[in-house]
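Next comes my_file_27.txt, a file with compact mmCIF, C-alpha atoms and all ligand atoms.
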# COMPACT_ATOMS: atom_id res chain seq x y z
CA MET A 19 0.00 0.00 0.00
CA LYS A 20 1.61 3.27 -1.14
CA GLN A 21 -1.19 5.62 -0.15
CA PHE A 22 -4.28 5.56 2.02
CA THR A 23 -6.67 8.42 1.50
CA SER A 24 -9.97 6.62 0.98
CA VAL A 25 -11.78 3.29 1.05
CA HIS A 26 -10.63 2.82 -2.55
CA ASP A 27 -7.06 2.28 -1.34
CA ILE A 28 -7.88 -0.99 0.46
CA LYS A 29 -8.38 -4.36 -1.22
CA SER A 30 -11.87 -4.83 0.19
CA ILE A 31 -13.93 -4.29 3.30
CA ASP A 32 -13.58 -7.98 4.18
CA TRP A 33 -9.81 -7.79 3.82
CA ALA A 34 -9.68 -4.67 6.03
CA LEU A 35 -11.80 -6.33 8.71
CA SER A 36 -9.73 -9.49 8.71
CA MET A 37 -6.51 -7.42 9.03
CA ALA A 38 -8.13 -5.51 11.90
CA ARG A 39 -8.90 -8.77 13.71
CA GLU A 40 -5.29 -9.91 13.24
CA VAL A 41 -3.91 -6.66 14.65
CA LYS A 42 -6.33 -6.73 17.56
CA GLU A 43 -5.49 -10.32 18.50
CA ASP A 44 -1.73 -9.73 18.39
CA PRO A 45 -0.89 -6.01 18.55
CA PHE A 46 2.83 -6.57 19.06
CA GLY A 47 3.31 -9.44 16.61
CA ASP A 48 4.92 -7.27 13.96
CA THR A 49 7.41 -5.20 15.94
CA PRO A 50 10.39 -6.35 13.79
CA LEU A 51 8.67 -4.80 10.75
CA GLY A 52 9.00 -1.25 12.08
CA LYS A 53 12.54 -1.49 13.46
CA ASN A 54 14.64 1.51 12.33
CA LYS A 55 11.67 2.86 10.39
CA THR A 56 10.32 6.34 11.08
CA LEU A 57 6.78 7.64 10.86
CA LEU A 58 6.45 11.40 10.41
CA MET A 59 3.08 12.83 11.42
CA ILE A 60 2.30 16.31 10.06
CA PHE A 61 -0.58 18.26 11.57
CA PHE A 62 -1.98 21.40 9.96
CA ASN A 63 -4.92 21.16 12.45
CA SER A 64 -5.53 20.15 16.06
CA SER A 65 -6.01 16.58 17.16
CA LEU A 66 -6.31 14.40 20.23
CA ARG A 67 -7.31 10.93 19.00
CA THR A 68 -5.54 10.87 15.67
CA ARG A 69 -2.28 12.04 17.17
CA LEU A 70 -2.29 9.56 20.06
CA SER A 71 -3.80 6.54 18.32
CA THR A 72 -1.58 6.79 15.25
CA GLN A 73 1.52 7.23 17.36
CA LYS A 74 0.48 4.25 19.49
CA ALA A 75 -0.11 2.16 16.36
CA ALA A 76 3.36 3.00 15.04
CA MET A 77 4.92 2.21 18.44
CA ASN A 78 3.12 -1.16 18.47
CA LEU A 79 4.86 -1.83 15.15
CA GLY A 80 8.27 -0.97 16.60
CA MET A 81 8.63 2.33 14.71
CA ASN A 82 10.12 5.65 15.70
CA VAL A 83 7.72 8.57 15.47
CA ILE A 84 8.24 12.28 14.79
CA VAL A 85 5.31 14.68 15.13
CA LEU A 86 5.26 18.18 13.67
CA ASP A 87 2.53 20.75 14.24
CA ILE A 88 2.95 23.07 11.31
CA ASN A 89 1.22 25.93 13.11
CA GLN A 90 3.21 25.61 16.32
CA GLY A 91 6.90 26.16 15.83
CA ALA A 92 7.36 25.38 12.14
CA TRP A 93 7.73 28.05 9.46
CA LYS A 94 4.42 29.13 8.01
CA LEU A 95 4.03 27.43 4.65
CA GLU A 96 2.95 28.95 1.37
CA THR A 97 0.90 26.35 -0.48
CA GLU A 98 0.15 28.07 -3.79
CA ARG A 99 2.60 28.05 -6.68
CA GLY A 100 3.46 31.29 -8.45
CA VAL A 101 2.96 33.50 -5.40
CA ILE A 102 5.47 36.32 -4.78
CA MET A 103 6.42 35.38 -1.24
CA ASP A 104 6.60 38.86 0.28
CA GLY A 105 3.99 38.10 2.96
CA ASP A 106 4.10 36.30 6.32
CA LYS A 107 5.04 32.85 4.97
CA PRO A 108 8.83 32.26 4.85
CA GLU A 109 8.78 28.75 3.33
CA HIS A 110 7.08 27.06 0.39
CA ILE A 111 5.43 23.69 0.82
CA LEU A 112 7.11 22.51 -2.40
CA GLU A 113 10.52 22.56 -0.67
CA ALA A 114 9.21 21.60 2.76
CA ILE A 115 7.56 18.38 1.58
CA PRO A 116 10.55 16.74 -0.13
CA VAL A 117 12.72 17.80 2.82
CA MET A 118 10.30 16.15 5.26
CA GLY A 119 10.36 13.07 3.03
CA THR A 120 14.10 12.68 3.61
CA TYR A 121 13.60 12.33 7.36
CA CYS A 122 11.17 9.43 7.39
CA ASP A 123 9.82 6.28 5.75
CA ILE A 124 6.08 6.95 5.98
CA ILE A 125 4.14 10.21 6.32
CA GLY A 126 0.72 10.83 7.89
CA VAL A 127 -0.92 14.18 7.08
CA ARG A 128 -3.81 16.06 8.61
CA ALA A 129 -4.98 18.99 6.47
CA PHE A 130 -8.63 20.00 6.86
CA ALA A 131 -10.78 21.77 4.33
CA ASN A 132 -10.47 25.53 4.61
CA LEU A 133 -14.18 25.84 3.64
CA VAL A 134 -13.38 28.94 1.58
CA ASN A 135 -12.47 27.54 -1.82
CA LYS A 136 -14.53 24.45 -2.63
CA GLN A 137 -12.41 23.48 -5.60
CA GLU A 138 -9.19 23.67 -3.61
CA ASP A 139 -10.76 21.58 -0.85
CA TYR A 140 -12.25 18.94 -3.13
CA ASN A 141 -8.98 18.68 -5.11
CA GLU A 142 -7.27 17.68 -1.83
CA THR A 143 -4.52 20.13 -2.74
CA ILE A 144 -2.29 19.66 0.32
CA LEU A 145 -2.65 15.89 0.68
CA ASN A 146 -1.89 15.47 -3.02
CA GLN A 147 1.20 17.64 -2.77
CA PHE A 148 2.49 15.27 -0.07
CA ILE A 149 1.68 12.28 -2.27
CA ASN A 150 3.34 13.81 -5.31
CA TYR A 151 6.44 15.40 -3.77
CA SER A 152 7.44 13.52 -0.60
CA GLY A 153 8.67 10.37 -2.30
CA LYS A 154 7.23 8.37 0.61
CA PRO A 155 4.00 6.45 1.26
CA VAL A 156 1.38 8.90 2.57
CA PHE A 157 -1.75 8.29 4.58
CA SER A 158 -4.51 10.71 5.45
CA MET A 159 -5.10 11.64 9.08
CA GLU A 160 -8.14 13.62 7.80
CA GLY A 161 -7.89 15.45 4.55
CA ALA A 162 -10.20 18.10 3.16
CA THR A 163 -12.83 15.65 1.98
CA ARG A 164 -12.36 12.39 3.90
CA HIS A 165 -11.27 10.89 7.22
CA PRO A 166 -10.58 7.29 6.23
CA LEU A 167 -8.84 6.11 9.44
CA GLN A 168 -11.94 7.25 11.33
CA SER A 169 -14.36 5.52 8.97
CA PHE A 170 -12.32 2.32 9.08
CA ALA A 171 -12.42 2.41 12.91
CA ASP A 172 -16.16 3.09 12.72
CA LEU A 173 -16.63 0.03 10.54
CA ILE A 174 -14.65 -2.16 12.95
CA THR A 175 -16.78 -0.82 15.82
CA ILE A 176 -20.08 -1.51 14.06
CA GLU A 177 -18.94 -5.06 13.30
CA GLU A 178 -18.08 -5.56 16.97
CA PHE A 179 -21.34 -4.17 18.35
CA LYS A 180 -23.93 -5.22 15.79
CA THR A 181 -26.61 -7.64 16.96
CA VAL A 182 -28.08 -8.38 13.51
CA LYS A 183 -26.24 -9.35 10.33
CA LYS A 184 -27.31 -6.30 8.34
CA PRO A 185 -27.83 -3.46 10.80
CA LYS A 186 -29.63 -0.23 9.98
CA VAL A 187 -27.00 2.51 10.27
CA VAL A 188 -28.18 6.12 10.35
CA LEU A 189 -25.86 9.07 9.80
CA THR A 190 -27.59 12.09 11.28
CA TRP A 191 -26.58 15.73 10.90
CA ALA A 192 -26.71 17.66 14.18
CA PRO A 193 -26.25 21.36 14.94
CA HIS A 194 -22.89 22.94 15.81
CA PRO A 195 -21.88 26.56 16.46
CA LYS A 196 -18.90 26.53 14.07
CA ALA A 197 -18.77 25.53 10.40
CA LEU A 198 -17.17 22.08 10.11
CA PRO A 199 -15.89 20.18 7.06
CA GLN A 200 -17.89 17.45 5.35
CA ALA A 201 -14.93 15.05 5.58
CA VAL A 202 -16.11 12.75 8.38
CA ALA A 203 -19.61 12.44 6.91
CA ASN A 204 -18.36 11.97 3.33
CA SER A 205 -15.94 9.31 4.37
CA PHE A 206 -18.39 7.48 6.63
CA ALA A 207 -20.88 7.37 3.75
CA GLU A 208 -18.25 6.08 1.36
CA TRP A 209 -17.31 3.23 3.71
CA MET A 210 -20.90 2.36 4.60
CA ASN A 211 -21.72 2.14 0.89
CA GLN A 212 -19.15 -0.65 0.60
CA THR A 213 -21.03 -2.77 3.16
CA ASP A 214 -24.34 -4.62 2.91
CA TYR A 215 -25.85 -2.63 5.81
CA GLU A 216 -29.03 -0.59 5.43
CA PHE A 217 -27.56 2.90 5.33
CA VAL A 218 -29.64 6.06 5.75
CA ILE A 219 -28.49 9.69 5.88
CA THR A 220 -30.71 12.29 7.54
CA HIS A 221 -30.15 16.05 7.44
CA PRO A 222 -32.09 19.29 6.97
CA GLU A 223 -32.67 20.38 3.39
CA GLY A 224 -29.68 22.26 2.03
CA TYR A 225 -27.14 19.98 3.76
CA GLU A 226 -26.87 17.49 0.88
CA LEU A 227 -23.40 15.97 0.63
CA SER A 228 -21.64 15.23 -2.64
CA LYS A 229 -23.15 12.29 -4.52
CA ASP A 230 -19.58 11.11 -5.09
CA PHE A 231 -19.64 9.98 -1.46
CA THR A 232 -23.29 9.30 -0.69
CA GLY A 233 -23.93 7.28 -3.85
CA ASN A 234 -27.23 5.47 -3.59
CA ALA A 235 -27.66 5.93 0.16
CA LYS A 236 -31.19 6.78 1.20
CA ILE A 237 -31.61 10.45 2.16
CA GLU A 238 -34.36 11.06 4.75
CA TYR A 239 -35.27 14.69 5.49
CA ASP A 240 -37.60 13.69 8.32
CA ASN A 241 -35.22 13.21 11.24
CA ARG A 242 -37.58 11.15 13.44
CA SER A 243 -38.51 8.78 10.60
CA ALA A 244 -34.85 8.04 10.02
CA TYR A 245 -34.42 6.91 13.63
CA GLU A 246 -37.15 4.27 13.38
CA GLY A 247 -35.66 0.78 13.68
CA ALA A 248 -32.06 2.06 13.62
CA ASP A 249 -29.34 -0.14 15.14
CA PHE A 250 -26.70 2.60 15.07
CA ILE A 251 -27.10 6.37 15.26
CA TYR A 252 -23.94 8.07 13.98
CA ALA A 253 -24.07 11.81 14.65
CA LYS A 254 -21.97 14.44 12.93
CA ASN A 255 -22.22 18.08 12.04
CA TRP A 256 -21.09 19.37 8.68
CA SER A 257 -21.39 22.68 6.84
CA THR A 258 -23.07 22.99 3.47
CA PHE A 259 -21.56 21.48 0.34
CA ASN A 260 -23.61 23.18 -2.37
CA ASP A 261 -21.91 25.89 -4.44
CA ALA A 262 -24.13 28.80 -3.37
CA THR A 263 -23.47 28.46 0.37
CA TYR A 264 -20.33 26.28 0.48
CA GLY A 265 -18.87 25.93 3.97
CA LYS A 266 -21.70 27.83 5.67
CA ILE A 267 -24.12 27.11 8.51
CA ILE A 268 -27.70 27.38 7.28
CA SER A 269 -29.47 25.68 10.20
CA ASN A 270 -29.10 25.75 13.95
CA ASP A 271 -32.22 23.68 14.51
CA ARG A 272 -31.70 22.18 17.96
CA SER A 273 -34.39 19.58 17.36
CA TRP A 274 -31.74 17.69 15.32
CA MET A 275 -29.70 17.01 18.49
CA VAL A 276 -29.52 13.31 19.43
CA ASP A 277 -31.56 12.89 22.63
CA THR A 278 -33.23 10.17 24.68
CA ASP A 279 -36.63 10.89 23.19
CA LYS A 280 -35.47 10.18 19.64
CA MET A 281 -33.29 7.24 20.69
CA ARG A 282 -36.53 5.59 21.92
CA LEU A 283 -37.64 5.35 18.27
CA THR A 284 -34.69 3.10 17.45
CA ASN A 285 -34.03 -0.61 17.79
CA ASN A 286 -32.11 0.05 21.01
CA ALA A 287 -29.50 1.75 18.83
CA LYS A 288 -25.90 2.30 19.78
CA PHE A 289 -24.74 5.92 19.69
CA MET A 290 -21.56 6.78 17.75
CA HIS A 291 -19.58 9.97 17.13
CA CYS A 292 -15.97 10.40 15.98
CA LEU A 293 -15.29 12.95 18.78
CA PRO A 294 -14.58 15.66 19.74
CA VAL A 295 -18.27 16.25 20.39
CA ARG A 296 -20.09 19.25 21.83
CA ARG A 297 -22.56 18.02 24.43
CA ASN A 298 -26.09 19.36 24.33
CA MET A 299 -25.50 20.65 20.81
CA ILE A 300 -24.86 17.37 18.96
CA VAL A 301 -25.90 14.91 21.69
CA SER A 302 -27.47 15.16 25.12
CA ASP A 303 -25.51 14.26 28.27
CA ASP A 304 -27.89 11.36 28.88
CA VAL A 305 -27.30 9.70 25.53
CA ILE A 306 -23.52 10.07 25.44
CA GLU A 307 -23.23 8.86 29.05
CA GLY A 308 -25.82 6.12 28.57
CA PRO A 309 -25.24 2.38 28.23
CA ASN A 310 -25.67 2.49 24.43
CA SER A 311 -22.95 5.06 23.86
CA ILE A 312 -19.94 3.39 22.22
CA VAL A 313 -17.86 6.51 21.54
CA VAL A 314 -14.95 5.30 23.68
CA PRO A 315 -14.51 1.84 22.10
CA GLU A 316 -14.99 3.60 18.75
CA ALA A 317 -12.07 5.92 19.55
CA ALA A 318 -10.03 2.96 20.84
CA ASN A 319 -10.40 1.29 17.45
CA ARG A 320 -8.50 4.17 15.90
CA VAL A 321 -5.31 2.41 16.99
CA VAL A 322 -6.42 -0.68 15.11
CA SER A 323 -7.28 1.08 11.86
CA ALA A 324 -4.02 3.04 11.94
CA GLN A 325 -2.01 -0.08 12.70
CA VAL A 326 -3.52 -1.99 9.77
CA VAL A 327 -2.65 0.84 7.39
CA ILE A 328 0.87 1.50 8.68
CA ARG A 329 1.64 -2.23 8.80
CA GLU A 330 0.58 -2.59 5.18
CA MET A 331 2.80 0.36 4.18
CA LEU A 332 5.75 -1.13 6.08
CA ARG A 333 5.20 -4.41 4.23
CA THR A 334 5.24 -2.56 0.91
CA ILE A 335 8.48 -0.75 1.79
CA SER A 336 10.12 -3.94 2.99
CA GLY A 337 9.09 -5.68 -0.22
C1 LIG B 401 -13.25 18.09 12.91
C2 LIG B 401 -14.21 17.84 11.76
O1 LIG B 401 -15.42 17.96 11.93
O2 LIG B 401 -13.75 17.49 10.65
C3 LIG B 401 -12.48 16.84 13.26
C4 LIG B 401 -13.27 15.65 13.58
C5 LIG B 401 -12.46 14.43 13.78
N1 LIG B 401 -13.97 18.53 14.09
C6 LIG B 401 -13.81 19.72 14.62
O3 LIG B 401 -13.10 20.55 14.10
C7 LIG B 401 -14.57 20.02 15.88
N1 LIG B 402 -11.85 11.66 15.71
C1 LIG B 402 -10.70 12.35 15.54
O1 LIG B 402 -10.05 12.30 14.48
O2 LIG B 402 -10.32 13.07 16.62
P1 LIG B 402 -9.11 14.12 16.71
O3 LIG B 402 -9.52 15.30 15.85
O4 LIG B 402 -8.99 14.44 18.14
O5 LIG B 402 -7.89 13.48 16.13
Let me see the structure of the file written as structure tokens.
Ligand code: AN0
Ligand code: CP
Amino acid sequence: MKQFTSVHDIKSIDWALSMAREVKEDPFGDTPLGKNKTLLMIFFNSSLRTRLSTQKAAMNLGMNVIVLDINQGAWKLETERGVIMDGDKPEHILEAIPVMGTYCDIIGVRAFANLVNKQEDYNETILNQFINYSGKPVFSMEGATRHPLQSFADLITIEEFKTVKKPKVVLTWAPHPKALPQAVANSFAEWMNQTDYEFVITHPEGYELSKDFTGNAKIEYDNRSAYEGADFIYAKNWSTFNDATYGKIISNDRSWMVDTDKMRLTNNAKFMHCLPVRRNMIVSDDVIEGPNSIVVPEAANRVVSAQVVIREMLRTISG
């Protein structure tokens, strides 16, 4: 595996799940693979889970890890070509990336959507520059349009907690005070569409995601109807995708929050969220603290998804 930016970079869902089981059963079985190999993790945005779980995964594989927060201590990077660099950015990303590539064997990158320029976001400009110019295998730690390590962990979690073979999985939009990217929702939809689950997306009108990710998933504008018979409620906020209002908040409707009343409509559904989550905006205290909340095991599975991906890249490097 030379890159991991979406579900399309894995052989199949079944393969990914069987690798996840292997890693979970024997987390330290492959430590020789990572000996004298270095993972470089580059963050353009904040993180708690991705930073810790990916580092832990690399440590389980016997690797050395270097973490760089671009916005804390590194030179500010110009990302556009052709710019006269007389502003506040002393270094160009087109030198920085190949330099970073010389210090490591594998690179993980987190670079969120800026939600200003839709084309730039949906071209995955920064992630692709790392892929094209680092000379090293690159994996996404959340790009502008997807968060594949999260979705992979979500899939593992659903497989572990499902009580029926083909669960009904509902992705519900929920309100949030700040405009957030579509990446987590896009990516979750893309992964769910590779399974045989019943997958439903529910959001207010105007919050339609790109068809490239949602495919043939059922879109339900009536929030309560979507909850009926659900086995998993996966909450996430995102800002608008459509051209006219790209990256904006067009609803603050608090009735879309996940609460006990709506959870009663479900088939005793488990509650999921990638975290960080704002309580009593996205989900009530009662639901997230309740017995059906699986947000912590979901986050724990981030080590597993990262370890599968890094292990596969190490195997590719080692031939
Ligand atoms: C980010 C997002 O919505 O993409 C990261 C989630 C893993 N969330 C926030 O910025 C709050
Ligand atoms: N879920 C997730 O990626 O969390 P962090 O932003 O804390 O890494």
Closest-contact table, chain A side, partner ligand LIG 401 (chain B), 6 Å, counting only C-alpha atoms and all ligand atoms, as CSV:
residue,atom,partner,partner_atom,distance
A:Leu198,CA,B:LIG401,O1,4.8
A:Pro199,CA,B:LIG401,O2,5.0
A:Ala201,CA,B:LIG401,O2,5.7
A:Val202,CA,B:LIG401,O2,5.8
A:Cys292,CA,B:LIG401,C5,5.8
A:Leu293,CA,B:LIG401,C5,5.9
A:Pro294,CA,B:LIG401,C7,5.8
Would you work out the distance separating CA of Thr190 (chain A) from CA of Asp27 (chain A), expressed in Å to one decimal?
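Between CA of Thr190 (chain A) and CA of Asp27 (chain A) the gap works out to 26.0 Å.
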For Gly80 (chain A): contacts at 6 Å, all atoms listed in the file, fewer than 5 positions along chain excluded, given as an NGL selection string:
:A and (49 or 52-53)
Quick one: of A:Ser71, A:Ser302, A:Ser269, A:Thr278, who's nearest to Ala317 (chain A), counting all atoms listed in the file?
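Of A:Ser71, A:Ser302, A:Ser269, A:Thr278, the one nearest Ala317 (chain A) is A:Ser71, counting all atoms listed in the file.
Using only C-alpha atoms, the shortest contact distance between Val127 (chain A) and any of A:Tyr252, A:Phe157, A:Trp33, A:Tyr151 is found at A:Phe157.
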For each of A:Glu208, A:Asp240, A:Glu98, A:Glu109, take the minimum atom-to-atom distance to Ile144 (chain A), counting only C-alpha atoms, then give the residue where this is smallest.
A:Glu98
Report the centre and edge lengths, in Å to one decimal, of an axis-aligned box enclosing every atom of ligand LIG 402 (chain B) listed in the file, padded by 8 Å on each side, as JSON.
{"center_x": -9.9, "center_y": 13.5, "center_z": 16.3, "size_x": 20.0, "size_y": 19.6, "size_z": 19.7}
Wanna dump the chain A-ligand LIG 402 (chain B) contacts at 10 Å for me, each residue with its shortest atom pair and the distance in Å to one decimal, counting all atoms listed in the file, ordered by chain and number, as JSON lines?
{"residue": "A:Phe61", "atom": "CA", "partner": "B:LIG402", "partner_atom": "O5", "distance": 9.9}
{"residue": "A:Asn63", "atom": "CA", "partner": "B:LIG402", "partner_atom": "O3", "distance": 8.2}
{"residue": "A:Ser64", "atom": "CA", "partner": "B:LIG402", "partner_atom": "O3", "distance": 6.3}
{"residue": "A:Ser65", "atom": "CA", "partner": "B:LIG402", "partner_atom": "O5", "distance": 3.8}
{"residue": "A:Leu66", "atom": "CA", "partner": "B:LIG402", "partner_atom": "O4", "distance": 3.4}
{"residue": "A:Arg67", "atom": "CA", "partner": "B:LIG402", "partner_atom": "O5", "distance": 3.9}
{"residue": "A:Thr68", "atom": "CA", "partner": "B:LIG402", "partner_atom": "O5", "distance": 3.5}
{"residue": "A:Arg69", "atom": "CA", "partner": "B:LIG402", "partner_atom": "O5", "distance": 5.9}
{"residue": "A:Leu70", "atom": "CA", "partner": "B:LIG402", "partner_atom": "O5", "distance": 7.9}
{"residue": "A:Ser71", "atom": "CA", "partner": "B:LIG402", "partner_atom": "O5", "distance": 8.3}
{"residue": "A:Thr72", "atom": "CA", "partner": "B:LIG402", "partner_atom": "O5", "distance": 9.2}
{"residue": "A:Arg128", "atom": "CA", "partner": "B:LIG402", "partner_atom": "O5", "distance": 8.9}
{"residue": "A:Met159", "atom": "CA", "partner": "B:LIG402", "partner_atom": "O1", "distance": 7.4}
{"residue": "A:Glu160", "atom": "CA", "partner": "B:LIG402", "partner_atom": "O1", "distance": 7.1}
{"residue": "A:His165", "atom": "CA", "partner": "B:LIG402", "partner_atom": "O1", "distance": 7.5}
{"residue": "A:Pro166", "atom": "CA", "partner": "B:LIG402", "partner_atom": "O1", "distance": 9.7}
{"residue": "A:Leu167", "atom": "CA", "partner": "B:LIG402", "partner_atom": "O1", "distance": 8.1}
{"residue": "A:Gln168", "atom": "CA", "partner": "B:LIG402", "partner_atom": "N1", "distance": 6.2}
{"residue": "A:Ser169", "atom": "CA", "partner": "B:LIG402", "partner_atom": "N1", "distance": 9.5}
{"residue": "A:Ala171", "atom": "CA", "partner": "B:LIG402", "partner_atom": "N1", "distance": 9.7}
{"residue": "A:Val202", "atom": "CA", "partner": "B:LIG402", "partner_atom": "N1", "distance": 8.5}
{"residue": "A:His291", "atom": "CA", "partner": "B:LIG402", "partner_atom": "N1", "distance": 8.0}
{"residue": "A:Cys292", "atom": "CA", "partner": "B:LIG402", "partner_atom": "N1", "distance": 4.3}
{"residue": "A:Leu293", "atom": "CA", "partner": "B:LIG402", "partner_atom": "N1", "distance": 4.8}
{"residue": "A:Pro294", "atom": "CA", "partner": "B:LIG402", "partner_atom": "O2", "distance": 5.9}
{"residue": "A:Val295", "atom": "CA", "partner": "B:LIG402", "partner_atom": "N1", "distance": 9.2}
{"residue": "A:Val313", "atom": "CA", "partner": "B:LIG402", "partner_atom": "N1", "distance": 9.8}
{"residue": "A:Glu316", "atom": "CA", "partner": "B:LIG402", "partner_atom": "N1", "distance": 9.2}
{"residue": "A:Ala317", "atom": "CA", "partner": "B:LIG402", "partner_atom": "N1", "distance": 6.9}
{"residue": "A:Arg320", "atom": "CA", "partner": "B:LIG402", "partner_atom": "N1", "distance": 8.2}
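Among the candidates A:Glu138, A:Asp123, A:Glu113, A:Asp106, the one nearest to Met331 (chain A) when counting all atoms listed in the file is A:Asp123.
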In Å, rounded to a single decimal, give me how far CA of Val326 (chain A) is from CA of Met81 (chain A).
13.8 Å
Measuring between all atoms listed in the file, which one of A:Arg329, A:Val156, A:Phe217, A:Ala197 shows the shortest distance to Ala34 (chain A)?
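Among the listed residues, the smallest separation from Ala34 (chain A) belongs to A:Arg329.
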Output region 179-197 of chain A as a PDB file, in the frame of the given file, making sure N, CA and C atoms are there.
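Wrote it out as rebuild.pdb, contents follow:
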ATOM      1  N   PHE A 179     -20.162  -4.425  17.504  1.00  0.00           N
ATOM      2  CA  PHE A 179     -21.340  -4.170  18.350  1.00  0.00           C
ATOM      3  C   PHE A 179     -22.659  -4.547  17.695  1.00  0.00           C
ATOM      4  N   LYS A 180     -22.660  -4.944  16.456  1.00  0.00           N
ATOM      5  CA  LYS A 180     -23.930  -5.220  15.790  1.00  0.00           C
ATOM      6  C   LYS A 180     -24.568  -6.481  16.359  1.00  0.00           C
ATOM      7  N   THR A 181     -25.894  -6.484  16.421  1.00  0.00           N
ATOM      8  CA  THR A 181     -26.610  -7.640  16.960  1.00  0.00           C
ATOM      9  C   THR A 181     -27.412  -8.349  15.852  1.00  0.00           C
ATOM     10  N   VAL A 182     -27.447  -7.739  14.669  1.00  0.00           N
ATOM     11  CA  VAL A 182     -28.080  -8.380  13.510  1.00  0.00           C
ATOM     12  C   VAL A 182     -27.061  -8.354  12.374  1.00  0.00           C
ATOM     13  N   LYS A 183     -27.237  -9.235  11.403  1.00  0.00           N
ATOM     14  CA  LYS A 183     -26.240  -9.350  10.330  1.00  0.00           C
ATOM     15  C   LYS A 183     -26.142  -8.055   9.515  1.00  0.00           C
ATOM     16  N   LYS A 184     -27.307  -7.517   9.156  1.00  0.00           N
ATOM     17  CA  LYS A 184     -27.310  -6.300   8.340  1.00  0.00           C
ATOM     18  C   LYS A 184     -27.973  -5.159   9.118  1.00  0.00           C
ATOM     19  N   PRO A 185     -27.234  -4.499   9.956  1.00  0.00           N
ATOM     20  CA  PRO A 185     -27.830  -3.460  10.800  1.00  0.00           C
ATOM     21  C   PRO A 185     -28.295  -2.246   9.985  1.00  0.00           C
ATOM     22  N   LYS A 186     -29.252  -1.529  10.559  1.00  0.00           N
ATOM     23  CA  LYS A 186     -29.630  -0.230   9.980  1.00  0.00           C
ATOM     24  C   LYS A 186     -28.746   0.838  10.624  1.00  0.00           C
ATOM     25  N   VAL A 187     -27.945   1.489   9.800  1.00  0.00           N
ATOM     26  CA  VAL A 187     -27.000   2.510  10.270  1.00  0.00           C
ATOM     27  C   VAL A 187     -27.480   3.866   9.773  1.00  0.00           C
ATOM     28  N   VAL A 188     -27.662   4.794  10.713  1.00  0.00           N
ATOM     29  CA  VAL A 188     -28.180   6.120  10.350  1.00  0.00           C
ATOM     30  C   VAL A 188     -27.120   7.187  10.653  1.00  0.00           C
ATOM     31  N   LEU A 189     -26.735   7.903   9.623  1.00  0.00           N
ATOM     32  CA  LEU A 189     -25.860   9.070   9.800  1.00  0.00           C
ATOM     33  C   LEU A 189     -26.767  10.285   9.927  1.00  0.00           C
ATOM     34  N   THR A 190     -26.750  10.919  11.113  1.00  0.00           N
ATOM     35  CA  THR A 190     -27.590  12.090  11.280  1.00  0.00           C
ATOM     36  C   THR A 190     -26.770  13.358  11.456  1.00  0.00           C
ATOM     37  N   TRP A 191     -27.126  14.392  10.694  1.00  0.00           N
ATOM     38  CA  TRP A 191     -26.580  15.730  10.900  1.00  0.00           C
ATOM     39  C   TRP A 191     -27.076  16.225  12.254  1.00  0.00           C
ATOM     40  N   ALA A 192     -26.274  17.032  12.926  1.00  0.00           N
ATOM     41  CA  ALA A 192     -26.710  17.660  14.180  1.00  0.00           C
ATOM     42  C   ALA A 192     -26.092  19.054  14.253  1.00  0.00           C
ATOM     43  N   PRO A 193     -26.718  19.971  14.973  1.00  0.00           N
ATOM     44  CA  PRO A 193     -26.250  21.360  14.940  1.00  0.00           C
ATOM     45  C   PRO A 193     -24.931  21.595  15.676  1.00  0.00           C
ATOM     46  N   HIS A 194     -24.224  22.641  15.271  1.00  0.00           N
ATOM     47  CA  HIS A 194     -22.890  22.940  15.810  1.00  0.00           C
ATOM     48  C   HIS A 194     -22.643  24.434  15.603  1.00  0.00           C
ATOM     49  N   PRO A 195     -22.015  25.099  16.570  1.00  0.00           N
ATOM     50  CA  PRO A 195     -21.880  26.560  16.460  1.00  0.00           C
ATOM     51  C   PRO A 195     -20.853  27.024  15.437  1.00  0.00           C
ATOM     52  N   LYS A 196     -19.938  26.137  15.031  1.00  0.00           N
ATOM     53  CA  LYS A 196     -18.900  26.530  14.070  1.00  0.00           C
ATOM     54  C   LYS A 196     -19.028  25.687  12.809  1.00  0.00           C
ATOM     55  N   ALA A 197     -18.696  26.276  11.670  1.00  0.00           N
ATOM     56  CA  ALA A 197     -18.770  25.530  10.400  1.00  0.00           C
ATOM     57  C   ALA A 197     -17.699  24.438  10.389  1.00  0.00           C
TER      58      ALA A 197
END
